[in-house]
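Asks: Structure file model.csv (CSV, C-alpha atoms) is given on the next line.
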chain,number,residue,atom,x,y,z
A,279,MET,CA,126.3,78.4,85.2
A,280,LYS,CA,123.6,79.9,87.4
A,281,SER,CA,122.8,76.6,88.9
A,282,LEU,CA,126.5,75.9,89.7
A,283,LEU,CA,126.8,79.4,91.3
A,284,SER,CA,123.7,78.7,93.5
A,285,VAL,CA,125.2,75.4,94.6
A,286,PHE,CA,128.5,77.1,95.4
A,287,ILE,CA,126.8,79.8,97.5
A,288,TYR,CA,124.7,77.2,99.3
A,289,THR,CA,127.7,75.1,100.1
A,290,LEU,CA,129.6,78.2,101.3
A,291,TYR,CA,126.9,79.0,103.9
A,292,MET,CA,126.7,75.4,105.0
A,293,THR,CA,130.4,75.2,105.7
A,294,LEU,CA,131.1,78.7,107.0
A,295,PRO,CA,128.2,79.4,109.4
A,296,GLY,CA,130.0,82.2,111.3
A,297,ILE,CA,130.3,84.8,108.6
A,298,GLY,CA,127.9,87.8,108.6
A,299,ASN,CA,127.4,91.4,109.6
A,300,ALA,CA,125.4,91.1,112.8
A,301,LEU,CA,125.1,94.1,115.1
A,302,SER,CA,126.3,93.3,118.6
A,303,PHE,CA,126.3,95.7,121.5
A,304,PRO,CA,127.0,95.7,125.2
A,305,LEU,CA,123.8,96.1,127.2
A,306,PRO,CA,123.3,99.7,128.4
A,307,ALA,CA,123.9,100.6,132.1
A,308,PRO,CA,120.9,100.1,134.4
A,309,GLY,CA,118.2,102.7,133.7
A,310,ASN,CA,119.2,103.0,130.1
A,311,ASP,CA,117.6,101.4,127.0
A,312,ILE,CA,119.5,102.5,123.9
A,313,VAL,CA,122.3,100.8,122.0
A,314,GLY,CA,124.4,101.7,118.9
A,315,GLU,CA,125.0,104.9,117.0
A,316,VAL,CA,123.6,106.3,113.8
A,317,ARG,CA,126.1,106.3,111.0
A,318,GLN,CA,126.6,108.1,107.7
A,319,ILE,CA,128.2,106.6,104.6
A,320,GLN,CA,128.8,107.8,101.0
A,321,THR,CA,127.4,105.5,98.3
A,322,ARG,CA,129.2,104.2,95.2
A,323,TYR,CA,127.6,104.3,91.8
A,324,GLU,CA,126.6,100.6,91.8
A,325,ASP,CA,125.1,100.6,95.3
A,326,THR,CA,121.4,99.9,96.1
A,327,PHE,CA,119.7,100.0,99.4
A,328,SER,CA,119.5,96.2,99.4
A,329,ASP,CA,123.2,95.9,99.0
A,330,ILE,CA,124.0,98.6,101.7
A,331,ALA,CA,121.5,97.1,104.1
A,332,ARG,CA,122.9,93.5,103.9
A,333,ALA,CA,126.5,94.8,104.3
A,334,ASN,CA,125.6,96.7,107.5
A,335,GLY,CA,123.3,94.4,109.4
A,336,LEU,CA,120.1,96.2,108.2
A,337,GLY,CA,117.0,95.4,106.2
A,338,TYR,CA,115.7,97.1,103.1
A,339,THR,CA,112.7,98.8,104.8
A,340,GLU,CA,114.9,100.2,107.5
A,341,MET,CA,117.0,101.9,104.9
A,342,THR,CA,114.0,103.4,103.1
A,343,GLU,CA,112.5,104.6,106.4
A,344,SER,CA,115.6,106.5,107.4
A,345,ASN,CA,116.4,107.9,103.9
A,346,PRO,CA,113.0,108.8,102.4
A,347,GLN,CA,114.6,111.4,100.1
A,348,VAL,CA,117.0,109.0,98.4
A,349,ASP,CA,116.2,106.7,95.4
A,350,PRO,CA,116.7,103.1,96.9
A,351,TRP,CA,117.7,101.6,93.6
A,352,LEU,CA,119.8,104.4,92.2
A,353,PRO,CA,121.1,106.5,95.1
A,354,GLY,CA,124.0,107.6,92.8
A,355,GLU,CA,127.7,108.2,93.3
A,356,GLY,CA,128.7,110.0,96.5
A,357,THR,CA,125.2,110.3,98.0
A,358,SER,CA,125.2,110.5,101.8
A,359,VAL,CA,122.9,108.0,103.4
A,360,THR,CA,121.9,107.2,107.0
A,361,LEU,CA,122.5,103.8,108.6
A,362,PRO,CA,119.9,103.5,111.3
A,363,THR,CA,122.1,101.4,113.6
A,364,ARG,CA,120.9,102.9,116.9
A,365,PHE,CA,118.0,101.2,118.7
A,366,ILE,CA,115.8,101.5,121.7
A,367,LEU,CA,115.6,97.9,123.1
A,368,PRO,CA,112.2,96.4,122.9
A,369,PRO,CA,110.0,96.6,126.1
A,370,GLY,CA,109.8,93.6,128.4
A,371,PRO,CA,112.4,91.2,129.7
A,372,ARG,CA,115.8,91.2,128.1
A,373,GLU,CA,116.2,87.4,127.7
A,374,GLY,CA,116.2,84.9,124.9
A,375,VAL,CA,114.9,86.0,121.5
A,376,VAL,CA,112.6,89.1,121.1
A,377,ILE,CA,111.1,89.8,117.7
A,378,ASN,CA,109.4,93.1,117.0
A,379,LEU,CA,107.3,92.6,113.8
A,380,ALA,CA,106.6,96.4,113.2
A,381,GLU,CA,110.4,96.9,113.4
A,382,LEU,CA,111.2,93.9,111.2
A,383,ARG,CA,114.0,93.1,113.7
A,384,LEU,CA,115.1,90.4,116.1
A,385,TYR,CA,117.0,90.9,119.3
A,386,TYR,CA,118.9,88.1,120.9
A,387,PHE,CA,120.1,88.3,124.5
A,388,PRO,CA,122.7,85.6,125.1
A,389,LYS,CA,122.4,84.2,128.6
A,390,GLY,CA,125.0,85.5,131.0
A,391,GLU,CA,126.9,87.6,128.4
A,392,ASP,CA,125.5,91.1,129.1
A,393,ARG,CA,125.1,92.0,125.5
A,394,VAL,CA,122.5,92.0,122.7
A,395,ILE,CA,122.8,90.8,119.1
A,396,THR,CA,120.3,92.1,116.6
A,397,TYR,CA,119.3,91.0,113.1
A,398,PRO,CA,116.9,92.3,110.4
A,399,LEU,CA,114.0,90.1,109.4
A,400,GLY,CA,111.5,89.3,106.7
A,401,ILE,CA,108.0,88.5,108.0
A,402,GLY,CA,104.6,87.4,106.8
A,403,ARG,CA,102.9,89.6,104.2
A,404,GLU,CA,99.3,90.9,104.7
A,405,GLY,CA,97.0,87.9,104.6
A,406,TRP,CA,99.8,85.7,106.0
A,407,SER,CA,100.6,87.8,109.1
A,408,THR,CA,103.2,86.4,111.5
A,409,PRO,CA,101.4,86.1,114.9
A,410,THR,CA,102.5,87.6,118.2
A,411,GLY,CA,102.9,85.6,121.3
A,412,ASN,CA,105.3,83.6,123.5
A,413,ALA,CA,107.1,80.5,122.3
A,414,ARG,CA,110.2,78.5,122.8
A,415,VAL,CA,112.8,76.9,120.5
A,416,THR,CA,111.9,73.3,120.1
A,417,ARG,CA,114.6,72.1,117.8
A,418,LYS,CA,117.2,73.1,115.1
A,419,GLN,CA,117.9,71.7,111.7
A,420,GLN,CA,120.9,72.3,109.4
A,421,GLY,CA,119.9,71.6,105.8
A,422,PRO,CA,116.1,71.5,106.5
A,423,THR,CA,113.5,69.8,104.4
A,424,TRP,CA,110.4,71.9,103.5
A,425,TYR,CA,107.0,70.3,103.5
A,426,PRO,CA,104.8,73.1,101.9
A,427,PRO,CA,101.4,73.4,103.5
A,428,GLU,CA,98.4,72.6,101.2
A,429,SER,CA,97.4,76.3,101.3
A,430,ILE,CA,100.8,77.4,99.9
A,431,ARG,CA,100.7,74.6,97.3
A,432,GLN,CA,97.3,75.8,96.1
A,433,GLU,CA,98.5,79.4,95.8
A,434,HIS,CA,101.5,78.3,93.7
A,435,ALA,CA,99.4,76.1,91.6
A,436,ALA,CA,97.0,78.9,90.9
A,437,LYS,CA,99.9,81.0,89.7
A,438,GLY,CA,101.2,78.3,87.4
A,439,SER,CA,104.2,77.3,89.5
A,440,PRO,CA,103.2,74.1,91.3
A,441,LEU,CA,105.2,73.0,94.3
A,442,PRO,CA,106.2,69.4,95.1
A,443,LYS,CA,105.0,67.9,98.4
A,444,VAL,CA,108.6,67.8,99.7
A,445,VAL,CA,111.4,70.2,98.9
A,446,LYS,CA,114.8,68.7,99.9
A,447,PRO,CA,117.8,70.6,101.2
A,448,GLY,CA,119.6,72.6,98.5
A,449,PRO,CA,119.8,76.0,96.7
A,450,ASP,CA,116.1,75.9,95.7
A,451,ASN,CA,114.8,75.3,99.2
A,452,PRO,CA,113.1,78.5,100.5
A,453,LEU,CA,114.1,77.6,104.1
A,454,GLY,CA,117.7,78.2,103.2
A,455,THR,CA,120.5,76.4,105.0
A,456,HIS,CA,119.3,76.5,108.6
A,457,ALA,CA,116.0,76.4,110.4
A,458,ILE,CA,115.0,77.0,114.1
A,459,TYR,CA,111.6,75.5,114.9
A,460,LEU,CA,109.3,77.1,117.5
A,461,SER,CA,106.7,75.7,119.8
A,462,MET,CA,104.2,78.0,118.0
A,463,ALA,CA,102.9,75.4,115.6
A,464,GLY,CA,103.8,75.9,112.0
A,465,TYR,CA,106.2,78.8,112.6
A,466,LEU,CA,110.0,78.9,112.5
A,467,LEU,CA,113.0,81.1,112.0
A,468,HIS,CA,114.9,80.2,108.8
A,469,GLY,CA,117.2,81.3,106.1
A,470,THR,CA,116.2,82.0,102.6
A,471,ASN,CA,117.3,81.4,99.0
A,472,LYS,CA,116.1,85.0,98.2
A,473,PRO,CA,118.0,87.2,100.6
A,474,TYR,CA,116.8,90.5,99.2
A,475,GLY,CA,113.4,89.7,100.8
A,476,VAL,CA,114.9,90.2,104.2
A,477,GLY,CA,113.7,93.5,105.7
A,478,MET,CA,110.3,93.2,103.9
A,479,ARG,CA,107.0,91.5,104.3
A,480,VAL,CA,107.2,88.7,101.8
A,481,SER,CA,106.8,85.4,103.6
A,482,HIS,CA,103.8,83.2,104.4
A,483,GLY,CA,104.1,83.9,108.1
A,484,CYS,CA,107.5,82.4,108.9
A,485,ILE,CA,110.5,84.6,109.9
A,486,ARG,CA,113.4,84.9,107.4
A,487,LEU,CA,117.0,86.0,108.1
A,488,TYR,CA,119.9,86.5,105.8
A,489,PRO,CA,121.7,83.2,105.2
A,490,GLU,CA,124.8,84.4,107.2
A,491,ASP,CA,122.6,85.6,110.1
A,492,ILE,CA,120.5,82.4,110.5
A,493,ALA,CA,123.8,80.4,110.4
A,494,ALA,CA,125.2,82.5,113.3
A,495,LEU,CA,122.0,82.5,115.3
A,496,PHE,CA,121.6,78.8,114.8
A,497,ASP,CA,124.9,78.2,116.6
A,498,GLN,CA,124.0,80.5,119.4
A,499,VAL,CA,120.5,79.6,120.5
A,500,ALA,CA,119.7,76.4,122.3
A,501,PRO,CA,116.5,74.3,122.5
A,502,ASN,CA,114.1,75.7,125.1
A,503,THR,CA,115.3,79.3,124.5
A,504,PRO,CA,112.3,81.7,125.1
A,505,VAL,CA,111.0,83.5,122.0
A,506,ARG,CA,108.7,86.5,122.4
A,507,ILE,CA,107.0,88.0,119.3
A,508,ILE,CA,105.6,91.5,119.7
A,509,ASN,CA,104.2,94.2,117.4
A,510,GLU,CA,105.4,97.6,118.7
A,511,PRO,CA,105.8,100.3,116.1
A,512,TYR,CA,106.4,102.9,118.8
A,513,LYS,CA,109.1,102.3,121.4
A,514,ALA,CA,110.2,104.7,124.3
A,515,GLY,CA,113.4,104.4,126.3
A,516,TRP,CA,116.0,106.3,128.4
A,517,GLU,CA,119.6,107.3,127.8
A,518,ASN,CA,121.4,109.2,130.6
A,519,GLY,CA,118.2,110.6,132.1
A,520,ARG,CA,116.7,111.7,128.8
A,521,LEU,CA,113.6,110.0,127.2
A,522,PHE,CA,113.7,109.0,123.5
A,523,VAL,CA,111.1,107.6,121.2
A,524,GLU,CA,111.7,105.4,118.1
A,525,THR,CA,108.8,105.1,115.6
A,526,HIS,CA,108.1,102.8,112.7
A,527,PRO,CA,105.1,102.6,110.3
A,528,PRO,CA,102.5,100.3,111.8
A,529,LEU,CA,101.8,97.1,109.8
A,530,SER,CA,99.5,97.7,106.8
A,531,GLU,CA,96.6,95.8,108.3
A,532,GLN,CA,97.0,97.7,111.6
A,533,ARG,CA,96.8,101.0,109.7
A,534,SER,CA,93.7,99.8,107.8
A,535,ARG,CA,92.0,98.8,111.0
A,536,GLU,CA,93.0,101.8,113.2
A,537,GLY,CA,93.8,104.7,110.8
A,538,ILE,CA,96.1,107.4,112.1
A,539,ASN,CA,96.3,106.6,115.8
A,540,PHE,CA,99.0,107.8,118.1
A,541,THR,CA,97.5,106.3,121.2
A,542,PRO,CA,100.0,103.5,121.3
A,543,LEU,CA,102.9,106.0,121.2
A,544,VAL,CA,101.3,108.0,124.0
A,545,ARG,CA,100.9,104.8,126.0
A,546,ALA,CA,104.6,103.8,125.4
A,547,ILE,CA,105.8,107.2,126.6
A,548,ILE,CA,103.6,107.1,129.7
A,549,ASN,CA,104.8,103.6,130.5
A,550,ALA,CA,108.4,104.7,130.1
A,551,LEU,CA,108.0,107.8,132.2
A,552,GLY,CA,106.6,105.8,135.1
A,553,ASP,CA,107.1,108.0,138.3
A,554,SER,CA,109.5,110.4,136.5
A,555,GLN,CA,108.6,114.0,136.9
A,556,GLN,CA,110.0,115.0,133.5
A,557,LYS,CA,107.7,116.8,131.1
A,558,PRO,CA,107.8,115.4,127.6
A,559,ASP,CA,107.7,117.6,124.5
A,560,TRP,CA,104.5,116.4,123.0
A,561,GLU,CA,105.1,118.3,119.7
A,562,ALA,CA,108.5,116.6,119.3
A,563,MET,CA,106.8,113.3,120.0
A,564,LYS,CA,104.1,114.0,117.4
A,565,GLN,CA,106.7,114.9,114.8
A,566,ALA,CA,108.6,111.7,115.5
A,567,ALA,CA,105.4,109.8,115.0
A,568,LEU,CA,104.6,111.5,111.7
A,569,GLY,CA,108.2,111.0,110.4
A,570,GLN,CA,108.4,107.3,111.3
A,571,ARG,CA,112.1,107.2,110.4
A,572,GLY,CA,113.1,104.4,112.8
A,573,ILE,CA,115.7,106.5,114.6
A,574,PRO,CA,115.5,107.4,118.3
A,575,VAL,CA,114.8,111.1,118.9
A,576,PRO,CA,114.6,112.9,122.3
A,577,VAL,CA,111.3,114.0,123.7
A,578,THR,CA,112.6,115.4,127.1
A,579,PRO,CA,115.3,118.0,127.8
A,580,ALA,CA,118.9,116.8,128.3
A,581,VAL,CA,118.7,118.1,131.9
A,582,ALA,CA,115.8,116.9,133.9
A,583,PRO,CA,113.4,119.6,135.1
A,584,THR,CA,113.0,120.0,138.9
A,585,ILE,CA,109.3,120.9,138.7
A,586,PRO,CA,106.9,118.0,138.4
A,587,SER,CA,104.8,117.9,135.3
A,588,THR,CA,101.0,117.9,135.5
A,589,THR,CA,100.4,118.5,131.8
A,590,PRO,CA,98.5,115.6,130.2
A,591,ALA,CA,99.0,114.4,126.6
A,592,PRO,CA,96.8,116.6,124.3
A,593,HIS,CA,93.8,114.9,122.8
A,594,SER,CA,94.9,116.0,119.4
A,595,LEU,CA,97.5,113.2,119.5
A,596,MET,CA,94.8,110.6,119.5
A,597,LEU,CA,92.5,109.3,116.8
A,598,SER,CA,89.5,110.6,118.8
A,599,GLU,CA,88.9,112.1,122.2
A,600,SER,CA,86.6,109.3,123.2
A,601,GLU,CA,89.0,106.5,122.2
A,602,PRO,CA,90.4,104.6,125.2
A,603,VAL,CA,94.1,103.8,125.5
A,604,ALA,CA,94.5,100.5,123.6
A,605,SER,CA,95.7,97.3,125.0
A,606,ASP,CA,98.7,95.4,123.5
A,607,SER,CA,98.9,96.0,119.8
A,608,GLN,CA,98.4,92.9,117.7
A,609,GLY,CA,99.8,92.3,114.2
A,610,ARG,CA,97.3,89.7,113.0
In structure tokens, write the structure found in this file.
Replies:
Amino acid sequence: MKSLLSVFIYTLYMTLPGIGNALSFPLPAPGNDIVGEVRQIQTRYEDTFSDIARANGLGYTEMTESNPQVDPWLPGEGTSVTLPTRFILPPGPREGVVINLAELRLYYFPKGEDRVITYPLGIGREGWSTPTGNARVTRKQQGPTWYPPESIRQEHAAKGSPLPKVVKPGPDNPLGTHAIYLSMAGYLLHGTNKPYGVGMRVSHGCIRLYPEDIAALFDQVAPNTPVRIINEPYKAGWENGRLFVETHPPLSEQRSREGINFTPLVRAIINALGDSQQKPDWEAMKQAALGQRGIPVPVTPAVAPTIPSTTPAPHSLMLSESEPVASDSQGR
């Protein structure tokens, strides 16, 4: 029975690639960087964060970040939970596909459509980190065949679950129903036969989407579409003249390497301020960094001050007073 059900689900996603719960927003007006709104829902007795996340275009980790006080597996009947469906767009050009590893989220900017579509992701776990860098879509394959690398076959063999050299399309294929191959050798965007891993770090480096999301993205992206993979746990952006920050926990290997370090957040705010004369509330920024709830919060007043700010960021926000401002964060 289980096997028949798996085949049915696989066939459903192969024949109905348009279904899903993607979040799509008009691009904000010039000078603005935020899309979406935070929502609240009441849970049912049988709900889990994994169920709620998938039904609302989110990943598991996003739900736990924004609802730290709620049991993710037994939230209970009638519990109010936050849906973090408000985002500061990632820094850099708004074109093609942009993947933010720290956020476990993909942003797709369809050419000429003045909108953004965003999907939750599963990425490489520690030891199999998904690399950052620039790439392009080279090809797409519906019903992909998987050729497990020797390193993965050895890992499975050591655990007593050996893999064949070739895994053909079907419900047991970890690539799911669709794959989008990148010019970054060995890496691709693909579906999964274990959708509850989306929104977590569980892969061997490739980038997983819910089956319904990869089917929709598969139809939208064309070969040669640019793909930019970044690792930015701290984002800063504007909305109607007010500066906001959005913070996520840095990747575990980054935390092990750098410890508690707010320098990247300070850098993101300074870059976003540019020539602005607004004075950020550094205490509000620090609290946002400590909370790491993945929801944009304001760090400047609603009405811009008229007196230029000359107050520097306090050294207490950095790991050490002697530490220089870091260059681009890497998630390797």
Asks: Could you check the closest approach to Glu561 of chain A for each of A:Val313, A:Val577, A:Ala494, A:Val544 and tell me which residue wins, using all atoms listed in the file?
Replies: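 Result for the nearest residue to Glu561 of chain A: A:Val577.
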Asks: Which residue out of A:Thr416, A:Asn310, A:Thr578, A:Thr321 has the minimum interatomic distance to Lys557 of chain A when only C-alpha atoms are used?
Replies: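 The answer is A:Thr578, which sits nearest to Lys557 of chain A.
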Asks: With distances taken over all atoms listed in the file, which residue among A:Pro501, A:Glu315, A:Val445, A:Leu487 lies nearest Tyr459 of chain A?
Replies: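 Checking each of A:Pro501, A:Glu315, A:Val445, A:Leu487 against Tyr459 of chain A, counting all atoms listed in the file, the winner is A:Pro501.
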Asks: Hey, which of A:Gly454, A:Gly309, A:Gly477, A:Pro511 ends up closest to Glu524 of chain A? Count all atoms listed in the file.
Replies: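 Nearest to Glu524 of chain A: A:Pro511.
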Asks: Counting only C-alpha atoms, which residue out of A:Arg364, A:Arg383, A:Arg414, A:Arg322 sits closest to Val505 of chain A?
Replies: A:Arg414
Asks: What gap, in Å, lies between atom CA of Leu352 of chain A and atom CA of Val316 of chain A?
Replies: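 Computed distance, atom CA of Leu352 of chain A to atom CA of Val316 of chain A, equals 22.0 Å.
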Asks: To one decimal place, how far is atom CA of Gln570 of chain A from atom CA of Ile507 of chain A in Å?
Replies: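 Calculated distance between atom CA of Gln570 of chain A and atom CA of Ile507 of chain A is 20.9 Å.
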Asks: Out of A:Ser344, A:Asn412, A:Asn549, A:Gln556, which residue has the shortest atom-to-atom distance to Thr503 of chain A when counting all atoms listed in the file?
Replies: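 Looking only at the distances to Thr503 of chain A, the closest residue turns out to be A:Asn412.
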Asks: One decimal, Å: what's the distance from atom CA of Asn509 of chain A over to atom CA of Leu382 of chain A, could you say?
Replies: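 These two atoms are separated by 9.4 Å.
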Asks: Could you pull the residues within 10 Å of Glu517 of chain A, counting only C-alpha atoms, minus those fewer than 3 positions along the same chain, as a PyMOL selection string?
Replies: chain A and resi 306-313+366+520-522+576+580
Asks: Please list as an MDAnalysis selection string every residue within 10 Å of Asn345 of chain A, counting only C-alpha atoms and excluding residues in the same chain fewer than 4 positions away.
Replies: chainID A and resid 327 339:341 349:350 358:362 571
Asks: With all atoms listed in the file counted, which protein, DNA or RNA residues have an atom no more than 7 Å from (128.9, 100.7, 124.1) in the file frame? Please answer as a PDB file with C-alpha atoms, in the coordinates of the input.
Replies:
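For reference, point-v4.pdb as written:
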ATOM      1  CA  PHE A 303     126.300  95.700 121.500  1.00  0.00           C
ATOM      2  CA  PRO A 304     127.000  95.700 125.200  1.00  0.00           C
ATOM      3  CA  VAL A 313     122.300 100.800 122.000  1.00  0.00           C
ATOM      4  CA  GLY A 314     124.400 101.700 118.900  1.00  0.00           C
TER       5      GLY A 314
END
Asks: Using all atoms listed in the file, which protein or nucleic acid residues come within 7 Å of Arg506 of chain A? Drop anything in the same chain fewer than 4 positions from it, and give the result as a PyMOL selection string.
Replies: chain A and resi 375-377+411-413
Asks: Mind checking which residues fall within 9 Å of segment 393-398 of chain A, counting all atoms listed in the file, ignoring those fewer than 2 positions away in the same chain, and posting them as an MDAnalysis selection string?
Replies: chainID A and resid 299:306 313 332 335:338 340 372 381:391 400 476:477 486:488 491
